[in-house]
>>> print(open('input03.cif').read())   # mmCIF, C-alpha atoms
data_model
loop_
_atom_site.label_atom_id
_atom_site.label_comp_id
_atom_site.auth_asym_id
_atom_site.auth_seq_id
_atom_site.Cartn_x
_atom_site.Cartn_y
_atom_site.Cartn_z
CA MET A 189 0.90 -124.05 254.90
CA PHE A 190 -0.27 -122.33 251.75
CA LEU A 191 0.69 -118.68 251.32
CA PHE A 192 -2.03 -116.61 249.68
CA ASP A 193 -1.06 -113.07 250.61
CA SER A 194 0.42 -112.35 247.19
CA PRO A 195 0.58 -108.79 245.82
CA SER A 196 -1.88 -107.47 243.26
CA ASP A 197 -2.32 -109.37 240.02
CA ALA A 198 -3.66 -106.57 237.85
CA THR A 199 -2.37 -103.03 237.51
CA ALA A 200 -3.26 -100.23 235.14
CA PRO A 201 -0.48 -98.74 232.99
CA PRO A 202 1.08 -95.76 234.85
CA ALA A 203 0.55 -93.44 231.88
CA ALA A 204 -3.14 -94.17 231.58
CA GLN A 205 -5.03 -91.08 232.75
CA THR A 206 -8.60 -91.96 231.84
CA PRO A 207 -11.75 -92.72 233.87
CA LEU A 208 -10.90 -96.38 233.39
CA ALA A 209 -7.56 -95.98 235.12
CA ASN A 210 -8.96 -96.58 238.62
CA LEU A 211 -8.55 -100.34 238.24
CA ASN A 212 -9.26 -102.16 241.45
CA MET A 213 -5.92 -103.63 242.47
CA PHE A 214 -7.25 -106.77 244.12
CA TYR A 215 -9.69 -108.23 241.62
CA PHE A 216 -7.50 -111.23 240.83
CA ASP A 217 -6.05 -111.96 244.26
CA MET A 218 -7.28 -114.31 246.92
CA ASP A 219 -9.81 -113.02 249.40
CA HIS A 220 -8.30 -111.84 252.67
CA ARG A 221 -10.50 -113.95 254.91
CA PRO A 222 -10.08 -117.18 256.86
CA GLY A 223 -9.58 -120.37 254.94
CA PHE A 224 -7.87 -121.05 251.65
CA ARG A 225 -10.86 -121.84 249.46
CA HIS A 226 -11.99 -118.35 248.43
CA GLN A 227 -11.17 -116.98 244.97
CA LYS A 228 -12.28 -113.71 243.43
CA PRO A 229 -15.11 -113.75 240.81
CA ALA A 230 -12.73 -112.48 238.11
CA LEU A 231 -10.95 -115.82 238.03
CA TYR A 232 -14.21 -117.45 236.94
CA LEU A 233 -15.70 -114.76 234.70
CA VAL A 234 -12.80 -112.81 233.17
CA ALA A 235 -11.32 -115.94 231.60
CA ASP A 236 -12.20 -118.62 229.06
CA LEU A 237 -13.38 -121.08 231.70
CA PHE A 238 -16.95 -120.52 230.46
CA ARG A 239 -16.49 -119.96 226.75
CA ALA A 240 -18.47 -117.32 224.90
CA ALA A 241 -20.78 -119.81 223.27
CA TYR A 242 -23.82 -121.98 223.72
CA ASP A 243 -22.12 -124.92 222.09
CA GLY A 244 -23.07 -128.57 221.84
CA LYS A 245 -19.56 -129.55 220.83
CA ARG A 246 -17.43 -130.81 223.71
CA GLU A 247 -13.85 -131.86 224.02
CA PHE A 248 -12.23 -133.51 227.01
CA VAL A 249 -9.06 -131.73 228.04
CA THR A 250 -6.42 -132.38 230.68
CA ASP A 251 -4.60 -129.48 232.34
CA LYS A 252 -5.57 -127.09 229.56
CA PRO A 253 -4.17 -123.58 230.21
CA LEU A 254 -6.95 -121.03 230.64
CA ALA A 255 -6.63 -117.45 229.47
CA CYS A 256 -7.03 -114.89 232.26
CA LEU A 257 -5.59 -111.52 233.26
CA SER A 258 -3.71 -112.58 236.37
CA SER A 259 0.06 -112.16 236.27
CA LYS A 260 0.51 -114.01 239.58
CA LYS A 261 -1.52 -117.15 238.90
CA ARG A 262 -1.84 -119.61 236.04
CA LEU A 263 -5.13 -121.43 235.51
CA TYR A 264 -5.56 -124.96 234.15
CA PHE A 265 -8.71 -126.93 233.47
CA SER A 266 -9.42 -130.67 233.20
CA GLY A 267 -12.74 -132.04 232.03
CA TYR A 268 -15.30 -131.35 229.32
CA SER A 269 -15.18 -127.69 228.31
CA PHE A 270 -17.85 -125.34 229.70
CA ASP A 271 -20.01 -122.86 227.79
CA GLN A 272 -22.43 -120.11 228.76
CA PHE A 273 -25.28 -122.56 229.34
CA ASP A 274 -23.15 -124.24 232.01
CA LEU A 275 -22.63 -120.82 233.58
CA ASP A 276 -26.40 -120.21 233.51
CA VAL A 277 -26.94 -123.48 235.39
CA LEU A 278 -24.22 -122.68 237.91
CA LEU A 279 -25.57 -119.17 238.51
CA TYR A 280 -29.04 -120.62 239.15
CA ILE A 281 -27.60 -122.99 241.75
CA ALA A 282 -25.59 -120.21 243.40
CA ARG A 283 -28.72 -118.05 243.71
CA GLN A 284 -30.69 -120.91 245.23
CA MET A 285 -27.91 -121.55 247.75
CA ILE A 286 -28.23 -118.03 249.15
CA ARG A 287 -31.50 -119.11 250.79
CA SER A 288 -30.30 -122.57 251.83
CA ARG A 289 -28.95 -123.36 255.28
CA ARG A 290 -28.16 -127.00 254.65
CA GLY A 291 -25.03 -126.78 252.51
CA HIS A 292 -26.94 -128.20 249.55
CA VAL A 293 -29.96 -127.30 247.45
CA GLN A 294 -32.70 -129.26 245.69
CA ILE A 295 -33.03 -128.23 242.06
CA ASP A 296 -36.20 -128.84 240.06
CA MET A 297 -35.14 -129.18 236.43
CA GLY A 298 -38.42 -127.79 235.17
CA ALA A 299 -38.06 -124.66 237.32
CA LEU A 300 -34.47 -124.20 236.17
CA LEU A 301 -35.46 -124.51 232.50
CA HIS A 302 -38.38 -122.12 233.04
CA SER A 303 -36.00 -119.53 234.54
CA LEU A 304 -33.92 -119.74 231.36
CA LYS A 305 -36.99 -119.52 229.09
CA ARG A 306 -36.32 -123.01 227.73
CA ARG A 307 -38.68 -125.90 227.15
CA ASN A 308 -39.23 -128.39 229.96
CA ASP A 309 -39.03 -131.44 227.72
CA LYS A 310 -36.80 -134.50 227.63
CA ALA A 311 -34.15 -132.76 225.55
CA GLY A 312 -34.07 -129.80 227.94
CA ARG A 313 -33.83 -131.97 231.03
CA ASN A 314 -31.07 -134.04 229.45
CA ARG A 315 -29.19 -130.86 228.72
CA VAL A 316 -29.44 -129.79 232.36
CA GLN A 317 -28.29 -133.22 233.54
CA ASN A 318 -25.33 -133.16 231.17
CA SER A 319 -24.40 -129.69 232.33
CA LEU A 320 -24.55 -130.69 236.00
CA THR A 321 -22.38 -133.72 235.23
CA ARG A 322 -19.78 -131.54 233.50
CA LEU A 323 -19.78 -129.01 236.33
CA SER A 324 -19.27 -131.73 238.95
CA ALA A 325 -16.52 -133.48 236.98
CA GLY A 326 -14.46 -130.49 235.86
CA ARG A 327 -11.36 -129.55 237.87
CA ILE A 328 -9.64 -126.18 238.08
CA ASP A 329 -5.97 -125.96 239.04
CA ILE A 330 -4.69 -122.54 240.09
CA ALA A 331 -0.91 -122.41 240.26
CA GLY A 332 0.76 -119.61 242.17
CA LYS A 333 4.36 -118.91 243.00
CA ARG A 334 4.63 -121.50 245.76
CA TYR A 335 1.33 -123.36 245.69
CA HIS A 336 -1.24 -125.28 243.66
CA TYR A 337 -4.92 -124.85 244.47
CA MET A 338 -7.21 -127.50 242.99
CA THR A 339 -10.98 -127.23 243.16
CA ARG A 340 -14.26 -128.23 241.55
CA LEU A 341 -17.41 -126.21 240.97
CA ILE A 342 -19.80 -128.85 242.36
CA ASP A 343 -18.67 -131.11 245.21
CA ARG A 344 -21.53 -133.64 245.21
CA LEU A 345 -24.46 -134.33 242.94
CA LEU A 346 -27.48 -136.66 243.09
CA ILE A 347 -29.80 -136.81 240.06
CA ASP A 348 -33.28 -138.31 240.47
CA GLU A 349 -34.52 -138.90 236.92
CA ARG A 350 -37.90 -140.19 238.11
CA LYS A 351 -38.69 -136.98 240.02
CA GLN A 352 -36.86 -134.81 237.46
CA SER A 353 -34.94 -133.12 240.25
CA CYS A 354 -31.52 -133.29 241.83
CA LEU A 355 -29.63 -132.50 245.01
CA VAL A 356 -26.59 -130.31 244.48
CA GLU A 357 -23.82 -129.49 246.92
CA PRO A 358 -21.91 -126.73 245.13
CA ASN A 359 -18.44 -125.59 246.04
CA GLU A 360 -18.62 -122.99 248.79
CA ASP A 361 -16.25 -120.70 246.92
CA VAL A 362 -18.50 -120.66 243.87
CA CYS A 363 -21.54 -119.68 245.91
CA ALA A 364 -19.60 -116.93 247.65
CA ALA A 365 -18.08 -115.59 244.43
CA LEU A 366 -21.01 -115.84 242.02
CA GLY A 367 -23.95 -115.64 244.40
CA LYS A 368 -23.41 -113.49 247.47
CA ARG A 369 -20.49 -111.45 246.14
CA LEU A 370 -21.95 -110.26 242.84
CA GLY A 371 -25.61 -110.24 243.78
CA GLN A 372 -27.74 -108.28 241.32
CA SER A 373 -24.76 -107.69 239.02
CA LEU A 374 -25.46 -111.11 237.48
CA ASP A 375 -29.21 -110.58 237.17
CA PRO A 376 -30.62 -113.49 235.13
CA LYS A 377 -33.24 -111.15 233.63
CA ASP A 378 -30.42 -109.18 231.99
CA ARG A 379 -28.96 -112.34 230.49
CA LEU A 380 -32.34 -113.25 229.03
CA LEU A 381 -32.39 -109.90 227.20
CA LEU A 382 -29.17 -110.80 225.39
CA ASP A 383 -30.87 -113.17 222.93
CA ARG A 384 -28.72 -116.17 224.01
CA ASN A 385 -25.73 -114.48 222.42
CA GLY A 386 -22.72 -116.23 223.98
CA LEU A 387 -20.30 -113.31 223.65
CA ALA A 388 -22.83 -110.81 224.99
CA ASN A 389 -23.41 -113.04 228.00
CA TRP A 390 -19.66 -113.45 228.53
CA LEU A 391 -19.21 -109.66 228.44
CA HIS A 392 -22.12 -109.36 230.87
CA GLY A 393 -20.12 -111.51 233.29
CA VAL A 394 -17.08 -109.24 232.92
CA LEU A 395 -19.25 -106.17 233.59
CA ALA A 396 -20.55 -107.87 236.74
CA VAL A 397 -16.96 -107.77 238.01
CA PHE A 398 -15.98 -104.37 236.59
CA ARG A 399 -19.19 -102.41 237.14
CA GLY A 400 -17.66 -99.18 235.88
CA GLY A 401 -16.67 -100.73 232.57
CA PHE A 402 -13.38 -101.70 230.97
CA SER A 403 -11.07 -101.15 228.03
CA SER A 404 -9.23 -103.96 226.26
CA PRO A 405 -7.54 -104.85 222.98
CA VAL A 406 -10.01 -106.68 220.76
CA ASP A 407 -7.56 -109.56 220.29
CA LEU A 408 -7.29 -110.01 224.05
CA ILE A 409 -11.08 -110.14 224.42
CA GLN A 410 -11.20 -112.89 221.79
CA THR A 411 -8.54 -114.83 223.68
CA LEU A 412 -10.20 -114.37 227.07
CA CYS A 413 -13.66 -115.43 225.88
CA GLY A 414 -12.35 -118.45 223.95
CA SER A 415 -13.97 -117.45 220.66
CA THR A 416 -12.67 -119.05 217.48
CA ALA A 417 -14.82 -116.91 215.17
CA LYS A 418 -13.02 -115.80 212.00
CA SER A 419 -15.07 -112.58 211.86
CA PHE A 420 -14.73 -111.72 215.55
CA ASP A 421 -15.12 -107.97 214.93
CA VAL A 422 -18.64 -108.59 213.60
CA GLU A 423 -19.44 -110.94 216.48
CA LEU A 424 -18.20 -108.33 218.96
CA SER A 425 -20.15 -105.51 217.34
CA ASN A 426 -23.38 -107.53 217.51
CA ALA A 427 -22.75 -108.39 221.15
CA LEU A 428 -22.14 -104.73 222.03
CA ASP A 429 -25.41 -103.74 220.36
CA LEU A 430 -27.26 -106.30 222.49
CA LEU A 431 -25.62 -104.99 225.68
CA MET A 432 -26.57 -101.43 224.81
CA ASN A 433 -30.17 -102.31 223.89
CA ALA A 434 -30.54 -104.25 227.15
CA HIS A 435 -29.11 -101.26 229.09
CA VAL A 436 -26.46 -103.54 230.55
CA ALA A 437 -23.72 -101.32 229.10
CA SER A 438 -23.93 -97.55 228.81
CA VAL A 439 -21.31 -96.67 226.17
CA THR A 440 -19.43 -98.90 223.77
CA ARG A 441 -16.95 -98.22 221.01
CA ILE A 442 -14.13 -99.86 219.10
CA ASP A 443 -11.13 -97.67 218.21
CA ASP A 444 -7.71 -98.73 216.94
CA ASN A 445 -8.34 -102.41 217.70
CA ARG A 446 -9.38 -101.57 221.25
CA VAL A 447 -12.87 -101.92 222.68
CA CYS A 448 -14.17 -99.61 225.42
CA ILE A 449 -17.31 -100.62 227.29
CA GLY A 450 -18.96 -98.44 229.90
CA GLY A 451 -20.70 -100.29 232.68
CA PRO A 452 -24.26 -99.78 233.86
CA ALA A 453 -22.96 -97.71 236.78
CA ALA A 454 -21.04 -94.46 236.47
CA CYS A 455 -17.37 -94.60 237.45
CA SER A 456 -16.54 -93.55 241.01
CA GLY A 457 -13.95 -94.33 243.60
CA LYS A 458 -16.03 -97.27 244.85
CA ILE A 459 -16.78 -98.82 241.45
CA ALA A 460 -14.14 -100.94 239.77
CA CYS A 461 -13.03 -100.21 236.21
CA GLY A 462 -10.41 -102.07 234.23
CA ILE A 463 -7.75 -101.47 231.62
CA PHE A 464 -6.86 -104.90 230.31
CA SER A 465 -3.49 -105.90 228.92
CA GLU A 466 -1.67 -109.16 228.34
CA PRO A 467 -0.38 -110.49 231.69
CA VAL A 468 3.38 -110.54 232.10
CA PHE A 469 4.64 -113.33 234.35
CA SER A 470 7.73 -112.73 236.47
#
>>> encode(input="input03.cif", output="structure tokens")
Amino acid sequence: MFLFDSPSDATAPPAAQTPLANLNMFYFDMDHRPGFRHQKPALYLVADLFRAAYDGKREFVTDKPLACLSSKKRLYFSGYSFDQFDLDVLLYIARQMIRSRRGHVQIDMGALLHSLKRRNDKAGRNRVQNSLTRLSAGRIDIAGKRYHYMTRLIDRLLIDERKQSCLVEPNEDVCAALGKRLGQSLDPKDRLLLDRNGLANWLHGVLAVFRGGFSSPVDLIQTLCGSTAKSFDVELSNALDLLMNAHVASVTRIDDNRVCIGGPAACSGKIACGIFSEPVFS
């Protein structure tokens, strides 16, 4: 039997006495509910699973270590790497599944492209098909102290090219984590305001988890989002401006190689904030 009642994965430094110090202690642990399939949203969004890019370049990897903040779990990925467009497609499916009672959902490619403000042409539909194929083929391996948990984002997929639609049976965990759990925090209208900026959209995903905001070393943000930009400071500054202008973030600043981002909601005892640091494995 798998054991998933591990202690907290993320803790704030004891000396930190700031509004961001009320880090929720369970944002990287398994859900405490029946079944073994449920993971917290942070393991999908506060990591380089979906890289901070809208990138046409793909590489096939096998058991590639993923950067995340958990000190109790290690993440590995096999498949063609994901980007923020893949996350957009997955979020659309998760939202559709909220209204479905059949365990699967029919996706019209034209409607999906329209929701992303993209052209419903052959190139756009091919891009959606390729994304769905990547999402169904990719495998995530989460290794804990005494277990390995292996999962996919889409369990089954049927693509009807003639009707330009498909039937998707997404992983139940994904729908719970990215659909029902986060709700309006991942509002697609907010993502559309971010000018298809990959880093801004990645940060938007982090703020969906830590609604009160977070503080992190700039280097750690670059590692977590999977950016290979040589001028990352400039890329980060532009992304922060987009978040502020879209009112997705309230306050942003970069001091002493550390970025502080205030979330759209004021900090309180019920709103999670985060102080990020490199995970230390025991």
>>> residues_around(input="input03.cif", residues="Val406 (chain A)", least_positions_apart="3", cutoff="10 Å", atoms="only C-alpha atoms", output="ChimeraX atom specification")
/A:403,409-412,420-421,424,442-448
>>> residues_around(input="input03.cif", residues="region 345-352 of chain A", least_positions_apart="4", cutoff="9 Å", atoms="only C-alpha atoms", output="PyMOL selection string")
chain A and resi 295-298+313+317+320-321+324+356-358
>>> resolve_selection(input="input03.cif", expression="the PyMOL selection byres ((chain A and resi 257-265) around 7)", output="list in words")
Asp197, Ala198, Phe216, Thr250, Asp251, Lys252, Pro253, Leu254, Cys256, Ser266, Gly267, Arg327, Ile328, Asp329, Ile330, Ala331, Gly332, Glu466, Pro467, Val468 and Phe469 of chain A
>>> closest_residue(input="input03.cif", among="A:Pro229, A:Gly367, A:Pro405, A:Gly326", to="Gly393 (chain A)", atoms="all atoms listed in the file")
A:Pro229
>>> closest_residue(input="input03.cif", among="A:Asn426, A:Ser288, A:Ser269, A:Asn385", to="Arg322 (chain A)", atoms="all atoms listed in the file")
A:Ser269
>>> resolve_selection(input="input03.cif", expression="the PyMOL selection byres ((chain A and resi 435) around 12)", output="PDB file with C-alpha atoms, in the coordinates of the input")
ATOM      1  CA  LYS A 377     -33.240-111.150 233.630  1.00  0.00           C
ATOM      2  CA  ASP A 378     -30.420-109.180 231.990  1.00  0.00           C
ATOM      3  CA  ARG A 379     -28.960-112.340 230.490  1.00  0.00           C
ATOM      4  CA  LEU A 381     -32.390-109.900 227.200  1.00  0.00           C
ATOM      5  CA  LEU A 382     -29.170-110.800 225.390  1.00  0.00           C
ATOM      6  CA  HIS A 392     -22.120-109.360 230.870  1.00  0.00           C
ATOM      7  CA  LEU A 395     -19.250-106.170 233.590  1.00  0.00           C
ATOM      8  CA  LEU A 428     -22.140-104.730 222.030  1.00  0.00           C
ATOM      9  CA  ASP A 429     -25.410-103.740 220.360  1.00  0.00           C
ATOM     10  CA  LEU A 430     -27.260-106.300 222.490  1.00  0.00           C
ATOM     11  CA  LEU A 431     -25.620-104.990 225.680  1.00  0.00           C
ATOM     12  CA  MET A 432     -26.570-101.430 224.810  1.00  0.00           C
ATOM     13  CA  ASN A 433     -30.170-102.310 223.890  1.00  0.00           C
ATOM     14  CA  ALA A 434     -30.540-104.250 227.150  1.00  0.00           C
ATOM     15  CA  VAL A 436     -26.460-103.540 230.550  1.00  0.00           C
ATOM     16  CA  ALA A 437     -23.720-101.320 229.100  1.00  0.00           C
ATOM     17  CA  SER A 438     -23.930 -97.550 228.810  1.00  0.00           C
ATOM     18  CA  VAL A 439     -21.310 -96.670 226.170  1.00  0.00           C
ATOM     19  CA  THR A 440     -19.430 -98.900 223.770  1.00  0.00           C
ATOM     20  CA  ILE A 449     -17.310-100.620 227.290  1.00  0.00           C
ATOM     21  CA  GLY A 450     -18.960 -98.440 229.900  1.00  0.00           C
ATOM     22  CA  GLY A 451     -20.700-100.290 232.680  1.00  0.00           C
ATOM     23  CA  PRO A 452     -24.260 -99.780 233.860  1.00  0.00           C
ATOM     24  CA  ALA A 453     -22.960 -97.710 236.780  1.00  0.00           C
TER      25      ALA A 453
END
>>> closest_residue(input="input03.cif", among="A:Phe248, A:Phe398, A:Trp390, A:Tyr280", to="Ala325 (chain A)", atoms="only C-alpha atoms")
A:Phe248
>>> resolve_selection(input="input03.cif", expression="the PyMOL selection byres ((chain A and resi 230) around 8)", output="JSON, numbers by chain")
{"A": [215, 216, 228, 229, 231, 232, 233, 234, 235, 394, 397]}
>>> axis_aligned_box(input="input03.cif", around="region 389-395 of chain A", padding_each_side="4 Å", output="AutoDock Vina command-line options")
--center_x -20.2 --center_y -109.8 --center_z 230.8 --size_x 14.3 --size_y 15.3 --size_z 13.6
>>> closest_residue(input="input03.cif", among="A:Asn359, A:Ser303, A:Ser404, A:Ser373", to="Ile463 (chain A)", atoms="only C-alpha atoms")
A:Ser404
>>> atom_distance(input="input03.cif", atom1="CA of Asp361 (chain A)", atom2="CA of Gln227 (chain A)")
6.6 Å
>>> closest_residue(input="input03.cif", among="A:Ala255, A:Val422, A:Cys461, A:Leu341", to="Ala364 (chain A)", atoms="only C-alpha atoms")
A:Leu341
>>> atom_distance(input="input03.cif", atom1="CA of Ala417 (chain A)", atom2="CA of Gly386 (chain A)")
11.9 Å
>>> closest_residue(input="input03.cif", among="A:Phe464, A:Arg384, A:Cys354, A:Val362", to="Gly401 (chain A)", atoms="all atoms listed in the file")
A:Phe464
>>> atom_distance(input="input03.cif", atom1="CA of Leu387 (chain A)", atom2="CA of Leu275 (chain A)")
12.7 Å
